[in-house]
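Q: Take a look at my_file.cif, mmCIF, C-alpha atoms:
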data_model
loop_
_atom_site.label_atom_id
_atom_site.label_comp_id
_atom_site.auth_asym_id
_atom_site.auth_seq_id
_atom_site.Cartn_x
_atom_site.Cartn_y
_atom_site.Cartn_z
CA MET D 1 2.55 8.81 23.05
CA GLY D 2 0.93 9.90 19.77
CA THR D 3 1.07 7.92 16.54
CA LYS D 4 3.35 10.43 14.77
CA ASN D 5 5.60 10.71 17.82
CA THR D 6 5.91 6.91 18.15
CA ARG D 7 6.73 6.58 14.46
CA GLU D 8 9.44 9.26 14.73
CA LEU D 9 10.90 7.63 17.85
CA LEU D 10 11.04 4.28 16.06
CA LEU D 11 12.83 5.85 13.11
CA LYS D 12 15.36 7.55 15.41
CA SER D 13 15.93 4.29 17.27
CA ALA D 14 16.47 2.45 13.97
CA ILE D 15 18.85 5.15 12.71
CA ASN D 16 20.94 4.88 15.89
CA LEU D 17 21.06 1.08 15.86
CA PHE D 18 21.57 0.64 12.10
CA SER D 19 24.44 3.14 12.15
CA GLN D 20 26.07 1.46 15.20
CA LYS D 21 25.48 -2.23 14.47
CA GLY D 22 24.44 -2.35 10.82
CA TYR D 23 21.04 -3.22 9.39
CA ALA D 24 21.64 -6.98 9.28
CA ASN D 25 22.78 -7.13 12.92
CA THR D 26 19.85 -5.15 14.33
CA SER D 27 16.57 -6.81 15.29
CA ILE D 28 13.07 -5.34 15.43
CA ARG D 29 13.00 -6.23 19.12
CA GLU D 30 16.13 -4.10 19.77
CA ILE D 31 14.61 -1.13 17.93
CA GLY D 32 11.50 -1.28 20.13
CA ALA D 33 13.44 -1.93 23.33
CA LYS D 34 15.46 1.27 22.82
CA ILE D 35 12.28 3.33 23.26
CA GLY D 36 10.45 0.96 25.59
CA ILE D 37 7.84 -0.59 23.31
CA SER D 38 7.23 -4.19 22.30
CA SER D 39 8.04 -5.47 18.82
CA SER D 40 4.35 -6.28 18.24
CA ILE D 41 3.51 -2.55 18.50
CA ILE D 42 6.19 -1.70 15.91
CA TYR D 43 4.20 -3.65 13.30
CA HIS D 44 1.36 -1.12 13.64
CA TYR D 45 3.75 1.48 12.22
CA PHE D 46 6.05 -0.49 9.90
CA LYS D 47 5.42 -3.77 8.07
CA ASN D 48 8.94 -5.00 8.77
CA LYS D 49 12.53 -3.96 9.38
CA GLU D 50 13.10 -3.34 5.66
CA GLU D 51 10.35 -0.71 5.66
CA LEU D 52 12.22 1.13 8.43
CA LEU D 53 15.40 1.04 6.33
CA PHE D 54 13.46 2.27 3.31
CA GLU D 55 11.93 5.21 5.18
CA ILE D 56 15.35 6.27 6.48
CA THR D 57 17.03 6.06 3.07
CA ARG D 58 14.06 7.56 1.18
CA SER D 59 13.81 10.59 3.44
CA SER D 60 17.56 11.28 3.41
CA THR D 61 17.91 10.77 -0.34
CA GLU D 62 14.89 12.95 -1.16
CA ASP D 63 16.29 15.74 1.03
CA LEU D 64 19.66 15.50 -0.73
CA VAL D 65 18.09 15.60 -4.21
CA GLN D 66 16.04 18.65 -3.22
CA SER D 67 19.11 20.41 -1.80
CA LEU D 68 21.16 19.74 -4.94
CA ARG D 69 18.33 20.90 -7.22
CA GLU D 70 17.94 24.13 -5.21
CA THR D 71 21.69 24.72 -5.52
CA GLU D 72 21.48 24.20 -9.29
CA GLU D 73 18.67 26.76 -9.56
CA ARG D 74 20.46 29.29 -7.37
CA ILE D 75 23.97 29.19 -8.94
CA SER D 76 24.43 29.45 -12.69
CA ASP D 77 28.25 29.18 -12.86
CA PRO D 78 28.98 25.42 -13.12
CA VAL D 79 32.24 25.51 -11.15
CA GLU D 80 30.72 27.48 -8.28
CA CYS D 81 27.61 25.32 -8.42
CA LEU D 82 29.65 22.11 -8.18
CA ARG D 83 31.63 23.61 -5.31
CA GLU D 84 28.41 24.47 -3.45
CA MET D 85 26.88 21.04 -4.20
CA LEU D 86 29.94 19.38 -2.68
CA THR D 87 29.69 21.61 0.39
CA GLU D 88 25.98 20.87 0.75
CA GLN D 89 26.44 17.13 0.46
CA THR D 90 29.58 17.03 2.59
CA ILE D 91 28.47 19.20 5.49
CA ILE D 92 24.74 18.67 5.57
CA PHE D 93 24.36 15.06 4.51
CA SER D 94 27.66 13.43 5.35
CA LEU D 95 28.51 15.26 8.55
CA LYS D 96 25.37 16.75 10.10
CA ARG D 97 23.38 13.64 9.17
CA LYS D 98 26.31 11.30 9.62
CA LYS D 99 24.27 8.33 10.85
CA GLU D 100 21.87 8.43 7.91
CA GLY D 101 24.83 8.93 5.55
CA LYS D 102 26.48 5.81 6.93
CA ILE D 103 23.27 3.82 6.51
CA LEU D 104 22.90 5.06 2.93
CA ALA D 105 26.49 4.18 2.08
CA ILE D 106 26.52 0.75 3.72
CA ASP D 107 23.00 -0.68 3.90
CA SER D 108 20.79 0.85 1.19
CA TYR D 109 21.76 -1.97 -1.21
CA GLN D 110 19.80 -4.37 1.01
CA LEU D 111 16.50 -2.88 -0.14
CA ARG D 112 14.76 -5.18 -2.62
CA GLY D 113 11.97 -4.96 -5.17
CA LYS D 114 10.09 -1.67 -5.55
CA ARG D 115 11.78 -0.15 -2.51
CA GLY D 116 15.24 -0.87 -3.88
CA ASP D 117 14.23 0.37 -7.34
CA SER D 118 12.89 3.61 -5.84
CA ILE D 119 16.11 4.35 -3.94
CA ARG D 120 18.29 3.44 -6.94
CA LYS D 121 16.23 5.81 -9.10
CA MET D 122 16.87 8.68 -6.66
CA GLN D 123 20.56 7.77 -6.43
CA ARG D 124 20.70 7.83 -10.23
CA GLU D 125 19.18 11.32 -10.15
CA ILE D 126 21.97 12.47 -7.82
CA TYR D 127 24.54 10.89 -10.17
CA ASP D 128 22.94 12.68 -13.16
CA ILE D 129 22.97 16.04 -11.34
CA TYR D 130 26.70 15.76 -10.69
CA THR D 131 27.51 14.40 -14.15
CA GLY D 132 25.50 17.20 -15.78
CA LYS D 133 27.39 19.83 -13.83
CA ILE D 134 30.77 18.23 -14.64
CA LYS D 135 29.81 18.15 -18.34
CA GLU D 136 29.04 21.87 -18.20
CA ILE D 137 32.53 22.48 -16.76
CA GLU D 138 34.01 20.30 -19.51
CA GLU D 139 32.11 22.23 -22.20
CA LYS D 140 33.66 25.45 -20.89
CA GLY D 141 37.10 23.91 -21.49
CA LEU D 142 38.02 23.97 -17.80
CA LEU D 143 38.24 20.24 -17.12
CA LYS D 144 41.40 18.18 -17.40
CA LYS D 145 41.14 15.04 -19.52
CA VAL D 146 39.35 12.67 -17.18
CA ASP D 147 36.57 10.12 -17.60
CA LEU D 148 33.33 11.66 -16.29
CA THR D 149 32.00 8.38 -14.87
CA VAL D 150 35.20 7.75 -12.93
CA LEU D 151 35.20 11.34 -11.70
CA THR D 152 31.58 11.26 -10.53
CA PHE D 153 31.95 7.97 -8.68
CA SER D 154 35.21 9.22 -7.15
CA ILE D 155 33.31 12.21 -5.74
CA PHE D 156 30.75 9.85 -4.20
CA GLY D 157 33.52 7.64 -2.85
CA ILE D 158 35.16 10.56 -1.06
CA ILE D 159 31.89 11.82 0.40
CA ASN D 160 30.56 8.40 1.39
CA SER D 161 33.76 7.41 3.21
CA PHE D 162 33.42 10.13 5.87
CA HIS D 163 31.74 7.82 8.32
CA ASN D 164 34.92 5.71 8.42
CA TRP D 165 37.25 8.41 9.69
CA TYR D 166 35.66 11.74 10.64
CA LYS D 167 35.34 12.54 14.35
CA ASP D 168 33.59 15.59 15.76
CA SER D 169 36.42 15.88 18.29
CA GLY D 170 39.10 16.00 15.55
CA ARG D 171 41.28 19.03 14.88
CA LEU D 172 39.32 20.14 11.78
CA SER D 173 35.80 21.53 11.80
CA LYS D 174 33.18 20.19 9.40
CA GLU D 175 33.58 23.30 7.28
CA GLU D 176 37.39 22.90 7.16
CA VAL D 177 37.03 19.28 6.06
CA ALA D 178 34.65 20.34 3.28
CA GLU D 179 37.02 23.12 2.20
CA ASN D 180 39.98 20.72 2.04
CA MET D 181 37.96 18.23 0.01
CA GLU D 182 36.98 20.96 -2.44
CA LYS D 183 40.62 22.00 -2.88
CA LEU D 184 41.68 18.42 -3.43
CA LEU D 185 38.98 17.84 -6.00
CA PHE D 186 39.17 21.13 -7.89
CA HIS D 187 42.96 21.26 -8.06
CA GLY D 188 42.89 17.71 -9.39
CA ILE D 189 40.32 18.15 -12.14
CA LEU D 190 40.48 21.74 -13.37
CA LYS D 191 43.03 22.91 -15.93
CA GLN D 192 43.64 26.07 -13.96
CA GLU D 193 43.51 26.36 -10.22
CA ILE D 194 40.45 28.19 -8.98
CA ASP D 195 40.60 29.46 -5.39
#
Let's see the structure in the file written out as structure tokens.
A:
Amino acid sequence: MGTKNTRELLLKSAINLFSQKGYANTSIREIGAKIGISSSIIYHYFKNKEELLFEITRSSTEDLVQSLRETEERISDPVECLREMLTEQTIIFSLKRKKEGKILAIDSYQLRGKRGDSIRKMQREIYDIYTGKIKEIEEKGLLKKVDLTVLTFSIFGIINSFHNWYKDSGRLSKEEVAENMEKLLFHGILKQEID
């Protein structure tokens, strides 16, 4: 088993266990046991369990920031851009990467020091991307009277709660869930309904 392969297997094992049991209730020993290696070998790849959590949250958050930035560059209309950003975050990061999304929503606050600061900085960037887009919509006179901070955090609340209720075996596809969320949001915040 190569170094890169072992590292990736450890990350996958941690993602599975953290999403099932939570970060606090998962031990280093369990992470290693899932892929058949001893906990002493894990320390050749990661300093501690917190470093595993950091790598999972850093990678997922960086990918989300990149996806949102690419959407911003690609779509100039702020309403359509916000719609696409919601679809990207809902389908790709909350549904296709459901386990990482759950870890981000529930356990990322447990990161301390520089690691915690780094993740919070990226999360702030995501917040600023959404707020900037909502301000553009407001400047066009399309937004109902609503506090932008409340609105932005409400968007995150809706997206981050998926892990509590969505099931792949449910009657709606991932795309249908995203479409319904968009309708709910846009009909609630825009002065005129945009289909």
Q: Would you kindly translate the PyMOL selection byres ((chain D and resi 59) around 12) into the concrete residues it picks from this file, as a PyMOL selection string?
A: chain D and resi 11+15+52-58+60-66+93+97+100-101+104+118-119+122
Q: Write to file, as a PDB file, in the coordinates of the input, the residues of the selection just made, with C-alpha atoms.
A:
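Written file, part_32.pdb:
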ATOM      1  CA  LEU D  11      12.830   5.850  13.110  1.00  0.00           C
ATOM      2  CA  ILE D  15      18.850   5.150  12.710  1.00  0.00           C
ATOM      3  CA  LEU D  52      12.220   1.130   8.430  1.00  0.00           C
ATOM      4  CA  LEU D  53      15.400   1.040   6.330  1.00  0.00           C
ATOM      5  CA  PHE D  54      13.460   2.270   3.310  1.00  0.00           C
ATOM      6  CA  GLU D  55      11.930   5.210   5.180  1.00  0.00           C
ATOM      7  CA  ILE D  56      15.350   6.270   6.480  1.00  0.00           C
ATOM      8  CA  THR D  57      17.030   6.060   3.070  1.00  0.00           C
ATOM      9  CA  ARG D  58      14.060   7.560   1.180  1.00  0.00           C
ATOM     10  CA  SER D  60      17.560  11.280   3.410  1.00  0.00           C
ATOM     11  CA  THR D  61      17.910  10.770  -0.340  1.00  0.00           C
ATOM     12  CA  GLU D  62      14.890  12.950  -1.160  1.00  0.00           C
ATOM     13  CA  ASP D  63      16.290  15.740   1.030  1.00  0.00           C
ATOM     14  CA  LEU D  64      19.660  15.500  -0.730  1.00  0.00           C
ATOM     15  CA  VAL D  65      18.090  15.600  -4.210  1.00  0.00           C
ATOM     16  CA  GLN D  66      16.040  18.650  -3.220  1.00  0.00           C
ATOM     17  CA  PHE D  93      24.360  15.060   4.510  1.00  0.00           C
ATOM     18  CA  ARG D  97      23.380  13.640   9.170  1.00  0.00           C
ATOM     19  CA  GLU D 100      21.870   8.430   7.910  1.00  0.00           C
ATOM     20  CA  GLY D 101      24.830   8.930   5.550  1.00  0.00           C
ATOM     21  CA  LEU D 104      22.900   5.060   2.930  1.00  0.00           C
ATOM     22  CA  SER D 118      12.890   3.610  -5.840  1.00  0.00           C
ATOM     23  CA  ILE D 119      16.110   4.350  -3.940  1.00  0.00           C
ATOM     24  CA  MET D 122      16.870   8.680  -6.660  1.00  0.00           C
TER      25      MET D 122
END
Q: Of the candidates D:Ala24, D:Ile134, D:Ile37, D:Leu86, which one gets nearest to Thr6 in chain D if we count all atoms listed in the file?
A: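 Of D:Ala24, D:Ile134, D:Ile37, D:Leu86, the one nearest Thr6 in chain D is D:Ile37, counting all atoms listed in the file.
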Q: Compare D:Glu179, D:Glu88, D:Asp117, D:Asp77 by their minimum atom-to-atom distance to Lys140 in chain D, counting only C-alpha atoms, and give me the closest one.
A: D:Asp77
Q: Apply the PyMOL selection byres ((chain D and resi 159) around 10) to the structure shown and report the selected residues as an MDAnalysis selection string.
A: chainID D and resid 86 89:91 93:95 101 105 153:158 160:163 178 181
Q: Pick the closest to Glu30 in chain D from D:Lys99, D:Lys49, D:Arg112, D:Lys183: which is it, counting only C-alpha atoms?
A: D:Lys49
Q: Which residue gives the smallest distance to Tyr166 in chain D among D:Lys98, D:Leu17, D:Arg69, D:Lys47, with only C-alpha atoms counted?
A: D:Lys98
Q: Which distance in Å separates CA of Gly188 in chain D and CA of Thr71 in chain D, to one decimal?
A: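 That distance, rounded to one decimal, is 22.7 Å.
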Q: List as a PyMOL selection string: which residues have an atom within 10 Å of (4.3, -1.7, 17.9), counting only C-alpha atoms?
A: chain D and resi 6-7+10+28-29+32+37-46
Q: To one decimal place in Å, what is the distance between CA of Ile103 in chain D and CA of Arg83 in chain D?
A: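 So the two atoms, CA of Ile103 in chain D and CA of Arg83 in chain D, lie 24.5 Å apart.
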Q: What are the centre and the three edge lengths of an axis-aligned box that wraps all atoms of range 54-57 of chain D in the file, given that 8 Å is added to every side, written as JSON and rounded to one decimal in Å?
A:
{"center_x": 14.5, "center_y": 4.3, "center_z": 4.8, "size_x": 21.1, "size_y": 20.0, "size_z": 19.4}
Q: Between CA of Thr131 in chain D and CA of Leu82 in chain D, what is the distance in Å, rounded to a tenth?
A: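 Pair CA of Thr131 in chain D / CA of Leu82 in chain D returns 10.0 Å.
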Q: Write out as a ChimeraX atom specification which residues come within 12 Å of Gly132 in chain D when counting all atoms listed in the file, dropping same-chain ones fewer than 4 positions away.
A: /D:68-69,72,78-79,81-82,124-128,136-139,148-149,152
Q: Rank nothing, just name the residue among D:Ala14, D:Lys191, D:Ser27, D:Gly113 nearest to Leu142 in chain D, using all atoms listed in the file.
A: D:Lys191
Q: Counting all atoms listed in the file, which of D:Asn16, D:His187, D:Ile35, D:Glu70 gets nearest to Leu143 in chain D?
A: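 Ranked by minimum distance to Leu143 in chain D, first place goes to D:His187.
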Q: Since the input lacks atoms, please generate N, CA and C atoms for range 147-172 of chain D and provide them as a PDB file, keeping the file's coordinate frame.
A:
ATOM      1  N   ASP D 147      37.834  10.791 -17.311  1.00  0.00           N
ATOM      2  CA  ASP D 147      36.570  10.120 -17.600  1.00  0.00           C
ATOM      3  C   ASP D 147      35.512  10.619 -16.604  1.00  0.00           C
ATOM      4  N   LEU D 148      34.366  11.056 -17.124  1.00  0.00           N
ATOM      5  CA  LEU D 148      33.330  11.660 -16.290  1.00  0.00           C
ATOM      6  C   LEU D 148      32.705  10.649 -15.314  1.00  0.00           C
ATOM      7  N   THR D 149      32.565   9.406 -15.752  1.00  0.00           N
ATOM      8  CA  THR D 149      32.000   8.380 -14.870  1.00  0.00           C
ATOM      9  C   THR D 149      32.930   8.113 -13.694  1.00  0.00           C
ATOM     10  N   VAL D 150      34.210   7.973 -13.988  1.00  0.00           N
ATOM     11  CA  VAL D 150      35.200   7.750 -12.930  1.00  0.00           C
ATOM     12  C   VAL D 150      35.214   8.933 -11.967  1.00  0.00           C
ATOM     13  N   LEU D 151      35.178  10.133 -12.524  1.00  0.00           N
ATOM     14  CA  LEU D 151      35.200  11.340 -11.700  1.00  0.00           C
ATOM     15  C   LEU D 151      33.986  11.414 -10.778  1.00  0.00           C
ATOM     16  N   THR D 152      32.797  11.175 -11.331  1.00  0.00           N
ATOM     17  CA  THR D 152      31.580  11.260 -10.530  1.00  0.00           C
ATOM     18  C   THR D 152      31.575  10.232  -9.411  1.00  0.00           C
ATOM     19  N   PHE D 153      31.931   8.997  -9.728  1.00  0.00           N
ATOM     20  CA  PHE D 153      31.950   7.970  -8.680  1.00  0.00           C
ATOM     21  C   PHE D 153      33.065   8.220  -7.666  1.00  0.00           C
ATOM     22  N   SER D 154      34.145   8.858  -8.087  1.00  0.00           N
ATOM     23  CA  SER D 154      35.210   9.220  -7.150  1.00  0.00           C
ATOM     24  C   SER D 154      34.711  10.264  -6.146  1.00  0.00           C
ATOM     25  N   ILE D 155      33.917  11.211  -6.632  1.00  0.00           N
ATOM     26  CA  ILE D 155      33.310  12.210  -5.740  1.00  0.00           C
ATOM     27  C   ILE D 155      32.459  11.506  -4.692  1.00  0.00           C
ATOM     28  N   PHE D 156      31.609  10.585  -5.145  1.00  0.00           N
ATOM     29  CA  PHE D 156      30.750   9.850  -4.200  1.00  0.00           C
ATOM     30  C   PHE D 156      31.575   9.027  -3.223  1.00  0.00           C
ATOM     31  N   GLY D 157      32.663   8.446  -3.720  1.00  0.00           N
ATOM     32  CA  GLY D 157      33.520   7.640  -2.850  1.00  0.00           C
ATOM     33  C   GLY D 157      34.131   8.463  -1.728  1.00  0.00           C
ATOM     34  N   ILE D 158      34.581   9.669  -2.073  1.00  0.00           N
ATOM     35  CA  ILE D 158      35.160  10.560  -1.060  1.00  0.00           C
ATOM     36  C   ILE D 158      34.105  10.949  -0.029  1.00  0.00           C
ATOM     37  N   ILE D 159      32.942  11.373  -0.512  1.00  0.00           N
ATOM     38  CA  ILE D 159      31.890  11.820   0.400  1.00  0.00           C
ATOM     39  C   ILE D 159      31.384  10.671   1.267  1.00  0.00           C
ATOM     40  N   ASN D 160      31.150   9.522   0.659  1.00  0.00           N
ATOM     41  CA  ASN D 160      30.560   8.400   1.390  1.00  0.00           C
ATOM     42  C   ASN D 160      31.521   7.706   2.352  1.00  0.00           C
ATOM     43  N   SER D 161      32.800   8.057   2.296  1.00  0.00           N
ATOM     44  CA  SER D 161      33.760   7.410   3.210  1.00  0.00           C
ATOM     45  C   SER D 161      33.936   8.160   4.518  1.00  0.00           C
ATOM     46  N   PHE D 162      33.286   9.336   4.647  1.00  0.00           N
ATOM     47  CA  PHE D 162      33.420  10.130   5.870  1.00  0.00           C
ATOM     48  C   PHE D 162      33.173   9.337   7.136  1.00  0.00           C
ATOM     49  N   HIS D 163      32.125   8.539   7.096  1.00  0.00           N
ATOM     50  CA  HIS D 163      31.740   7.820   8.320  1.00  0.00           C
ATOM     51  C   HIS D 163      32.846   6.915   8.834  1.00  0.00           C
ATOM     52  N   ASN D 164      33.816   6.593   7.992  1.00  0.00           N
ATOM     53  CA  ASN D 164      34.920   5.710   8.420  1.00  0.00           C
ATOM     54  C   ASN D 164      35.984   6.432   9.243  1.00  0.00           C
ATOM     55  N   TRP D 165      36.109   7.753   9.047  1.00  0.00           N
ATOM     56  CA  TRP D 165      37.250   8.410   9.690  1.00  0.00           C
ATOM     57  C   TRP D 165      36.944   9.721  10.392  1.00  0.00           C
ATOM     58  N   TYR D 166      35.883  10.421  10.043  1.00  0.00           N
ATOM     59  CA  TYR D 166      35.660  11.740  10.640  1.00  0.00           C
ATOM     60  C   TYR D 166      35.179  11.631  12.082  1.00  0.00           C
ATOM     61  N   LYS D 167      35.762  12.463  12.951  1.00  0.00           N
ATOM     62  CA  LYS D 167      35.340  12.540  14.350  1.00  0.00           C
ATOM     63  C   LYS D 167      35.074  13.999  14.695  1.00  0.00           C
ATOM     64  N   ASP D 168      33.944  14.229  15.367  1.00  0.00           N
ATOM     65  CA  ASP D 168      33.590  15.590  15.760  1.00  0.00           C
ATOM     66  C   ASP D 168      34.665  16.218  16.648  1.00  0.00           C
ATOM     67  N   SER D 169      35.388  15.380  17.379  1.00  0.00           N
ATOM     68  CA  SER D 169      36.420  15.880  18.290  1.00  0.00           C
ATOM     69  C   SER D 169      37.775  16.082  17.600  1.00  0.00           C
ATOM     70  N   GLY D 170      37.837  15.850  16.292  1.00  0.00           N
ATOM     71  CA  GLY D 170      39.100  16.000  15.550  1.00  0.00           C
ATOM     72  C   GLY D 170      39.530  17.450  15.450  1.00  0.00           C
ATOM     73  N   ARG D 171      40.720  17.681  14.903  1.00  0.00           N
ATOM     74  CA  ARG D 171      41.280  19.030  14.880  1.00  0.00           C
ATOM     75  C   ARG D 171      40.649  19.930  13.815  1.00  0.00           C
ATOM     76  N   LEU D 172      39.956  19.338  12.822  1.00  0.00           N
ATOM     77  CA  LEU D 172      39.320  20.140  11.780  1.00  0.00           C
ATOM     78  C   LEU D 172      37.818  20.207  11.992  1.00  0.00           C
TER      79      LEU D 172
END
